[in-house]
$ cat my_file-v3.txt   # compact mmCIF, C-alpha atoms
# COMPACT_ATOMS: atom_id res chain seq x y z
CA MET C 27 -18.86 -12.50 14.26
CA GLN C 28 -17.73 -12.18 10.67
CA PRO C 29 -14.76 -9.82 10.31
CA THR C 30 -14.52 -6.97 7.83
CA PHE C 31 -11.33 -6.79 5.78
CA VAL C 32 -10.35 -3.14 5.27
CA LEU C 33 -7.96 -2.84 2.32
CA VAL C 34 -5.52 0.09 1.98
CA HIS C 35 -3.77 0.78 -1.34
CA GLY C 36 -0.24 1.97 -2.03
CA ALA C 37 1.27 4.93 -3.89
CA PHE C 38 -0.43 6.18 -7.07
CA ALA C 39 -3.06 3.47 -6.58
CA ASN C 40 -6.69 3.43 -5.43
CA SER C 41 -9.49 1.12 -4.36
CA PHE C 42 -10.09 0.00 -7.95
CA SER C 43 -7.08 -2.34 -7.93
CA PHE C 44 -8.63 -4.38 -5.11
CA ALA C 45 -11.76 -5.33 -7.08
CA PRO C 46 -10.54 -8.81 -8.16
CA LEU C 47 -9.32 -9.56 -4.63
CA GLN C 48 -12.64 -8.44 -3.17
CA ALA C 49 -14.45 -10.72 -5.59
CA GLU C 50 -12.37 -13.69 -4.43
CA LEU C 51 -12.87 -12.79 -0.77
CA GLY C 52 -16.60 -12.46 -1.34
CA LEU C 53 -16.79 -15.87 -3.01
CA LEU C 54 -15.07 -17.30 0.05
CA GLY C 55 -17.75 -15.70 2.23
CA HIS C 56 -15.77 -12.73 3.52
CA ARG C 57 -16.82 -9.08 3.79
CA SER C 58 -14.37 -6.42 2.62
CA VAL C 59 -14.08 -2.66 2.10
CA ALA C 60 -11.48 -1.09 -0.19
CA VAL C 61 -10.39 2.38 0.89
CA ASP C 62 -9.61 5.39 -1.28
CA LEU C 63 -7.22 7.59 0.68
CA PRO C 64 -7.73 11.38 0.30
CA GLY C 65 -6.97 12.55 -3.22
CA HIS C 66 -7.37 9.04 -4.62
CA GLY C 67 -10.05 7.25 -6.59
CA PHE C 68 -12.76 9.60 -7.83
CA ALA C 69 -11.13 12.40 -5.81
CA ALA C 70 -7.96 12.18 -7.93
CA THR C 71 -6.84 14.81 -10.43
CA TYR C 72 -6.40 13.82 -14.08
CA PRO C 73 -5.30 17.04 -15.82
CA ARG C 74 -6.50 17.57 -19.38
CA ALA C 75 -2.79 17.72 -20.30
CA TYR C 76 -2.54 14.04 -19.24
CA GLN C 77 -4.84 13.01 -22.08
CA ALA C 78 -3.59 12.22 -25.59
CA PRO C 79 -2.04 14.02 -27.29
CA GLN C 80 -0.21 14.80 -24.09
CA ASP C 81 0.95 18.30 -23.20
CA LEU C 82 3.95 17.54 -20.99
CA GLU C 83 4.68 21.21 -20.31
CA GLY C 84 1.12 21.74 -19.16
CA LEU C 85 1.20 18.51 -17.15
CA ALA C 86 4.31 19.73 -15.34
CA THR C 87 2.47 22.74 -13.90
CA ALA C 88 -1.20 21.72 -13.65
CA PRO C 89 -2.47 21.81 -10.04
CA GLY C 90 -3.48 18.62 -8.28
CA ALA C 91 -6.05 18.02 -5.56
CA ILE C 92 -3.66 15.90 -3.51
CA LYS C 93 -1.40 18.88 -2.79
CA GLY C 94 -1.12 19.48 0.94
CA ILE C 95 -2.58 16.13 1.96
CA THR C 96 -0.48 14.58 4.72
CA LEU C 97 0.10 11.15 6.17
CA ALA C 98 -1.91 12.33 9.19
CA ASP C 99 -4.83 13.17 6.86
CA ASN C 100 -4.65 9.67 5.39
CA ALA C 101 -4.68 8.12 8.86
CA THR C 102 -7.62 10.25 10.00
CA HIS C 103 -9.60 9.20 6.93
CA LEU C 104 -8.75 5.54 7.52
CA ILE C 105 -9.69 5.77 11.20
CA GLY C 106 -13.12 7.05 10.21
CA ILE C 107 -13.63 3.97 8.06
CA LEU C 108 -12.32 1.66 10.77
CA GLU C 109 -14.77 3.18 13.26
CA ARG C 110 -17.68 2.42 10.95
CA ALA C 111 -16.43 -1.10 10.16
CA LYS C 112 -15.92 -1.89 13.85
CA ARG C 113 -19.63 -1.38 14.51
CA ASN C 114 -20.26 -4.57 12.53
CA GLY C 115 -17.72 -6.79 14.26
CA PRO C 116 -13.99 -7.55 14.13
CA VAL C 117 -11.74 -5.67 11.72
CA ILE C 118 -8.74 -7.01 9.83
CA LEU C 119 -6.74 -4.11 8.39
CA VAL C 120 -4.77 -5.05 5.26
CA SER C 121 -2.26 -2.68 3.66
CA HIS C 122 -0.04 -2.87 0.59
CA SER C 123 3.19 -1.04 -0.18
CA ARG C 124 3.05 2.65 0.86
CA GLY C 125 -0.36 1.98 2.40
CA GLY C 126 1.48 0.35 5.28
CA MET C 127 2.58 3.79 6.45
CA THR C 128 -1.05 4.91 6.80
CA ALA C 129 -2.04 1.64 8.48
CA THR C 130 0.80 2.00 10.98
CA VAL C 131 -0.16 5.55 11.96
CA ALA C 132 -3.81 4.52 12.34
CA ALA C 133 -2.74 1.59 14.51
CA ASN C 134 -0.61 3.90 16.67
CA ARG C 135 -3.58 6.18 17.20
CA ARG C 136 -6.48 3.71 17.50
CA PRO C 137 -5.39 0.14 18.22
CA ASP C 138 -8.82 -0.51 19.69
CA LEU C 139 -10.32 -0.46 16.19
CA ILE C 140 -8.11 -3.20 14.74
CA ASP C 141 -8.31 -6.90 15.61
CA ARG C 142 -5.46 -7.90 13.28
CA ILE C 143 -3.17 -5.80 11.10
CA VAL C 144 -1.77 -7.30 7.90
CA TYR C 145 1.10 -5.96 5.79
CA VAL C 146 1.39 -7.31 2.24
CA SER C 147 4.90 -6.29 1.19
CA ALA C 148 4.02 -3.03 2.91
CA TRP C 149 6.07 -0.43 4.74
CA CYS C 150 6.03 -0.66 8.52
CA PRO C 151 8.83 1.62 9.73
CA VAL C 152 10.32 0.84 13.13
CA ASP C 153 14.00 1.84 13.32
CA LEU C 154 14.05 4.42 10.49
CA ASP C 155 11.76 6.71 8.54
CA VAL C 156 10.61 5.13 5.27
CA SER C 157 12.70 7.54 3.19
CA ALA C 158 15.82 6.48 5.10
CA TYR C 159 15.26 2.79 4.37
CA TYR C 160 15.87 3.50 0.69
CA ALA C 161 19.54 4.15 1.46
CA GLU C 162 19.91 0.81 3.26
CA PRO C 163 21.60 -2.28 1.74
CA GLU C 164 18.31 -4.18 1.48
CA MET C 165 17.16 -1.68 -1.18
CA ALA C 166 20.38 -1.80 -3.22
CA THR C 167 18.81 -3.99 -5.90
CA VAL C 168 15.97 -1.56 -6.61
CA ASP C 169 16.35 0.19 -9.96
CA ALA C 170 14.51 3.50 -9.64
CA THR C 171 15.96 5.12 -12.75
CA GLY C 172 13.21 4.00 -15.12
CA PRO C 173 10.24 5.00 -12.98
CA ALA C 174 12.06 8.22 -12.01
CA SER C 175 12.31 9.18 -15.68
CA ALA C 176 8.50 9.21 -15.86
CA MET C 177 8.23 11.85 -13.14
CA VAL C 178 6.82 15.17 -14.40
CA GLY C 179 7.28 18.65 -12.93
CA ASN C 180 9.06 19.86 -9.84
CA PRO C 181 7.57 18.24 -6.69
CA ALA C 182 8.57 21.25 -4.59
CA GLU C 183 6.62 23.58 -6.88
CA LEU C 184 3.68 21.25 -7.51
CA GLY C 185 3.43 20.22 -3.86
CA LEU C 186 3.00 16.59 -4.94
CA LEU C 187 4.61 13.74 -6.85
CA ARG C 188 3.44 13.34 -10.46
CA SER C 189 4.20 10.43 -12.77
CA ASN C 190 3.28 10.07 -16.43
CA PHE C 191 1.91 6.54 -16.46
CA ARG C 192 0.50 7.18 -19.95
CA THR C 193 3.97 7.47 -21.47
CA ALA C 194 4.62 5.45 -24.62
CA ASP C 195 8.38 5.35 -24.03
CA PRO C 196 9.30 1.64 -24.39
CA GLY C 197 12.23 1.93 -21.99
CA VAL C 198 10.14 3.48 -19.25
CA LEU C 199 7.33 0.96 -19.75
CA ALA C 200 9.82 -1.90 -19.53
CA ALA C 201 11.20 -0.42 -16.30
CA PHE C 202 7.72 -0.11 -14.82
CA LYS C 203 6.93 -3.73 -15.72
CA ALA C 204 10.19 -4.94 -14.17
CA ALA C 205 9.46 -2.97 -11.00
CA PHE C 206 5.82 -3.91 -10.56
CA LEU C 207 4.73 -6.96 -12.55
CA ALA C 208 7.65 -8.85 -14.06
CA ASP C 209 5.78 -12.13 -13.56
CA GLY C 210 2.69 -10.92 -15.45
CA THR C 211 1.91 -10.71 -19.13
CA ASP C 212 2.37 -7.51 -21.10
CA GLU C 213 -1.41 -7.25 -21.35
CA GLU C 214 -1.90 -7.60 -17.59
CA PHE C 215 0.76 -4.98 -17.01
CA MET C 216 -0.86 -2.44 -19.33
CA VAL C 217 -4.26 -2.98 -17.72
CA PHE C 218 -2.84 -2.43 -14.24
CA LEU C 219 -0.80 0.57 -15.34
CA ASN C 220 -3.99 2.23 -16.51
CA THR C 221 -5.53 1.92 -13.05
CA PHE C 222 -2.79 4.13 -11.59
CA GLN C 223 -3.40 7.83 -11.06
CA PRO C 224 -0.73 10.41 -11.85
CA ASP C 225 -0.47 12.16 -8.46
CA GLU C 226 0.70 11.10 -5.00
CA ASN C 227 1.25 13.12 -1.85
CA LEU C 228 4.71 14.09 -0.64
CA ASP C 229 4.47 13.33 3.09
CA ALA C 230 6.50 10.21 3.94
CA GLY C 231 6.18 10.58 7.71
CA THR C 232 8.43 11.41 10.65
CA PRO C 233 9.90 9.42 13.55
CA ASP C 234 6.58 9.90 15.36
CA ASP C 235 4.90 7.86 12.60
CA ARG C 236 6.95 4.73 13.18
CA ALA C 237 5.38 1.70 14.87
CA GLN C 238 4.90 2.29 18.61
CA ALA C 239 5.23 -0.64 21.00
CA GLU C 240 2.51 0.46 23.43
CA THR C 241 -0.21 0.83 20.77
CA TRP C 242 0.62 -0.71 17.39
CA GLY C 243 2.64 -3.35 19.20
CA ARG C 244 -0.28 -4.86 21.03
CA ILE C 245 -2.29 -5.65 17.87
CA PRO C 246 -1.94 -9.21 16.50
CA ARG C 247 -0.16 -8.88 13.18
CA THR C 248 0.68 -10.75 10.00
CA TYR C 249 3.27 -10.01 7.33
CA VAL C 250 2.62 -11.50 3.88
CA ARG C 251 5.93 -11.66 2.03
CA LEU C 252 5.99 -11.40 -1.77
CA THR C 253 9.02 -13.39 -2.89
CA GLU C 254 9.40 -11.85 -6.37
CA ASP C 255 8.90 -8.22 -5.35
CA THR C 256 11.61 -5.95 -6.80
CA SER C 257 10.05 -2.72 -5.50
CA VAL C 258 10.13 -3.75 -1.85
CA PRO C 259 12.69 -6.58 -2.02
CA LEU C 260 12.31 -9.67 0.11
CA ALA C 261 15.38 -8.64 2.12
CA MET C 262 13.63 -5.40 3.13
CA GLN C 263 10.39 -7.22 3.91
CA ASN C 264 12.37 -9.57 6.18
CA ARG C 265 14.06 -6.60 7.85
CA MET C 266 10.72 -5.00 8.70
CA ILE C 267 9.56 -8.30 10.18
CA ARG C 268 12.72 -8.53 12.30
CA GLU C 269 12.42 -4.94 13.49
CA GLY C 270 8.77 -5.38 14.42
CA ASP C 271 9.54 -8.60 16.30
CA ALA C 272 12.39 -6.91 18.16
CA LEU C 273 10.10 -4.04 19.16
CA THR C 274 7.51 -6.38 20.69
CA PRO C 275 9.02 -9.87 21.01
CA GLU C 276 6.01 -11.02 23.01
CA ASN C 277 3.80 -10.30 19.96
CA PRO C 278 5.76 -11.35 16.85
CA TYR C 279 4.54 -11.32 13.28
CA ASP C 280 2.66 -14.29 11.91
CA VAL C 281 4.51 -14.63 8.59
CA ARG C 282 2.97 -15.91 5.35
CA THR C 283 4.55 -16.08 1.90
CA LEU C 284 3.22 -15.75 -1.64
CA THR C 285 5.17 -16.24 -4.87
CA SER C 286 4.41 -12.87 -6.41
CA SER C 287 5.80 -9.61 -7.69
CA HIS C 288 4.65 -6.32 -6.19
CA LEU C 289 1.32 -6.52 -8.06
CA LYS C 290 0.78 -10.11 -9.25
CA TRP C 291 -1.10 -11.02 -6.05
CA LEU C 292 -3.76 -8.48 -7.11
CA VAL C 293 -3.86 -9.61 -10.74
CA ASP C 294 -4.20 -13.27 -9.71
CA PRO C 295 -5.80 -12.85 -6.28
CA ALA C 296 -7.10 -16.33 -5.43
CA PRO C 297 -4.00 -17.42 -3.43
CA ALA C 298 -3.94 -14.13 -1.52
CA ALA C 299 -7.67 -14.39 -0.78
CA ARG C 300 -7.15 -17.84 0.69
CA VAL C 301 -4.31 -16.58 2.89
CA LEU C 302 -6.32 -13.59 4.08
CA GLY C 303 -9.44 -15.67 4.60
CA GLY C 304 -7.48 -18.05 6.79
CA LEU C 305 -6.55 -15.19 9.10
CA ALA C 306 -10.20 -14.81 10.12
CA ALA C 307 -9.85 -18.11 11.97
CA LEU C 308 -7.09 -16.59 14.13
CA LEU C 309 -9.40 -14.01 15.67
CA PRO C 310 -10.41 -14.68 19.26
CA ALA C 311 -13.87 -16.15 19.66
CA ASP C 312 -15.02 -13.08 21.61
CA SER C 313 -13.87 -10.55 18.99
$ encode --input "my_file-v3.txt" --output "structure tokens"
Amino acid sequence: MQPTFVLVHGAFANSFSFAPLQAELGLLGHRSVAVDLPGHGFAATYPRAYQAPQDLEGLATAPGAIKGITLADNATHLIGILERAKRNGPVILVSHSRGGMTATVAANRRPDLIDRIVYVSAWCPVDLDVSAYYAEPEMATVDATGPASAMVGNPAELGLLRSNFRTADPGVLAAFKAAFLADGTDEEFMVFLNTFQPDENLDAGTPDDRAQAETWGRIPRTYVRLTEDTSVPLAMQNRMIREGDALTPENPYDVRTLTSSHLKWLVDPAPAARVLGGLAALLPADS
């Protein structure tokens, strides 16, 4: 039976960024569903203060709908979608960036709903919590100062993370481009930047949310490395692969590689669509 690709976005993103990839998958004959996690997509908050001319003081205190949403909430929402998709046949769960955390929790809870799990430069914590990985040597090359300067308000008071992606500060914009789409044009970068939403939830998970051998570990899995990614460097991607393989050596990652920054694979999705489409052939005949 034809599988359904279920696509899970990363931080500050939404289902909209998957539209070009879904078009390519569809033209290759594959069915896909792009997920909006709670508080994302049309459920996101865009405060009036975010509009031009911006009111940064107002933006720093405006409430956001994503406040209080947890990683567990994200996983519950995703599981509901996986249950519906599974009724139609096999499911290939694909996550990007921070979306890997949600995919991992869902896989821990309901491995029966997933026929293959795919991480595209996505977080799959095994030995540490995601926040702890940022202090590890593999993340030493990440320059977070530029993106951090776009943060607005006090996360502890807002109950969420808020970034001003509509800033006109040339230094901040250059830092965002270097972090996300250094291999894209300035025009592509500005288009993608305007698909981001200002708010993201605070919950980065606990040790209980790391990959579990007895559940997550029995799902066939693929890691798609992005060689030019400066947000989740290749060294960190390789570390997550090694940790996953050490956790369940009898079920190692199938590893694929794309020449891409953190976002270029979504801007120019044909190579990624071919890689993902090829994974459908790996599903057992009785799936």
$ residues_around --input "my_file-v3.txt" --residues "Gly243 (chain C)" --least-positions-apart "2" --cutoff "9 Å" --atoms "all atoms listed in the file" --output "list in words"
Ala133, Asn134, Pro137, Ala237, Gln238, Ala239, Glu240, Thr241, Ile245, Pro246, Arg247, Gly270, Leu273, Thr274, Asn277 and Pro278 of chain C
$ atom_distance --input "my_file-v3.txt" --atom1 "CA of Val144 (chain C)" --atom2 "CA of Pro173 (chain C)"
27.0 Å
$ closest_residue --input "my_file-v3.txt" --among "C:Leu119, C:Leu228, C:Ala204, C:Val146" --to "Gly172 (chain C)" --atoms "all atoms listed in the file"
C:Ala204
$ closest_residue --input "my_file-v3.txt" --among "C:Ser257, C:Asn264, C:Gln223, C:Thr167" --to "Phe202 (chain C)" --atoms "all atoms listed in the file"
C:Ser257
$ closest_residue --input "my_file-v3.txt" --among "C:Pro163, C:Pro295, C:Gly126, C:Gly115" --to "Met27 (chain C)" --atoms "only C-alpha atoms"
C:Gly115
$ closest_residue --input "my_file-v3.txt" --among "C:Cys150, C:Asn220, C:Leu51, C:Gly231" --to "Asp99 (chain C)" --atoms "only C-alpha atoms"
C:Gly231
$ atom_distance --input "my_file-v3.txt" --atom1 "CA of Val131 (chain C)" --atom2 "CA of Asp229 (chain C)"
12.7 Å
$ residues_near_point --input "my_file-v3.txt" --point "(7.8, 6.3, -16.1)" --cutoff "9 Å" --atoms "all atoms listed in the file" --output "JSON, numbers by chain"
{"C": [171, 172, 173, 174, 175, 176, 177, 189, 190, 191, 192, 193, 195, 197, 198, 199, 201, 202]}
$ closest_residue --input "my_file-v3.txt" --among "C:Pro29, C:Ser147, C:Ala75, C:Gly36" --to "Arg113 (chain C)" --atoms "only C-alpha atoms"
C:Pro29
$ atom_distance --input "my_file-v3.txt" --atom1 "CA of Gly67 (chain C)" --atom2 "CA of Asn40 (chain C)"
5.2 Å
$ closest_residue --input "my_file-v3.txt" --among "C:Leu308, C:Leu289, C:Val152, C:Leu33" --to "Pro233 (chain C)" --atoms "only C-alpha atoms"
C:Val152
$ residues_near_point --input "my_file-v3.txt" --point "(8.9, -2.1, 2.3)" --cutoff "9 Å" --atoms "all atoms listed in the file" --output "compact mmCIF listing (two decimals) with C-alpha atoms, in the frame of the given file"
# COMPACT_ATOMS: atom_id res chain seq x y z
CA SER C 123 3.19 -1.04 -0.18
CA ARG C 124 3.05 2.65 0.86
CA GLY C 126 1.48 0.35 5.28
CA SER C 147 4.90 -6.29 1.19
CA ALA C 148 4.02 -3.03 2.91
CA TRP C 149 6.07 -0.43 4.74
CA CYS C 150 6.03 -0.66 8.52
CA PRO C 151 8.83 1.62 9.73
CA VAL C 156 10.61 5.13 5.27
CA TYR C 159 15.26 2.79 4.37
CA MET C 165 17.16 -1.68 -1.18
CA SER C 257 10.05 -2.72 -5.50
CA VAL C 258 10.13 -3.75 -1.85
CA PRO C 259 12.69 -6.58 -2.02
CA LEU C 260 12.31 -9.67 0.11
CA MET C 262 13.63 -5.40 3.13
CA GLN C 263 10.39 -7.22 3.91
CA ARG C 265 14.06 -6.60 7.85
CA MET C 266 10.72 -5.00 8.70
$ residues_around --input "my_file-v3.txt" --residues "Arg142 (chain C)" --least-positions-apart "3" --cutoff "12 Å" --atoms "all atoms listed in the file" --output "short mmCIF file (atom, residue, chain, number, x, y, z; two decimals) with C-alpha atoms, in the frame of the given file"
data_model
loop_
_atom_site.label_atom_id
_atom_site.label_comp_id
_atom_site.auth_asym_id
_atom_site.auth_seq_id
_atom_site.Cartn_x
_atom_site.Cartn_y
_atom_site.Cartn_z
CA PRO C 29 -14.76 -9.82 10.31
CA THR C 30 -14.52 -6.97 7.83
CA PHE C 31 -11.33 -6.79 5.78
CA VAL C 32 -10.35 -3.14 5.27
CA PRO C 116 -13.99 -7.55 14.13
CA VAL C 117 -11.74 -5.67 11.72
CA ILE C 118 -8.74 -7.01 9.83
CA LEU C 119 -6.74 -4.11 8.39
CA VAL C 120 -4.77 -5.05 5.26
CA SER C 121 -2.26 -2.68 3.66
CA ALA C 129 -2.04 1.64 8.48
CA THR C 130 0.80 2.00 10.98
CA ALA C 133 -2.74 1.59 14.51
CA PRO C 137 -5.39 0.14 18.22
CA ASP C 138 -8.82 -0.51 19.69
CA LEU C 139 -10.32 -0.46 16.19
CA TYR C 145 1.10 -5.96 5.79
CA TRP C 242 0.62 -0.71 17.39
CA GLY C 243 2.64 -3.35 19.20
CA ARG C 244 -0.28 -4.86 21.03
CA ILE C 245 -2.29 -5.65 17.87
CA PRO C 246 -1.94 -9.21 16.50
CA ARG C 247 -0.16 -8.88 13.18
CA THR C 248 0.68 -10.75 10.00
CA TYR C 249 3.27 -10.01 7.33
CA ASN C 277 3.80 -10.30 19.96
CA TYR C 279 4.54 -11.32 13.28
CA ASP C 280 2.66 -14.29 11.91
CA LEU C 302 -6.32 -13.59 4.08
CA LEU C 305 -6.55 -15.19 9.10
CA ALA C 306 -10.20 -14.81 10.12
CA ALA C 307 -9.85 -18.11 11.97
CA LEU C 308 -7.09 -16.59 14.13
CA LEU C 309 -9.40 -14.01 15.67
CA PRO C 310 -10.41 -14.68 19.26
CA SER C 313 -13.87 -10.55 18.99
#
$ residues_around --input "my_file-v3.txt" --residues "Ala205 (chain C)" --least-positions-apart "2" --cutoff "8 Å" --atoms "all atoms listed in the file" --output "PyMOL selection string"
chain C and resi 168-169+201-203+207-208+255-257+288
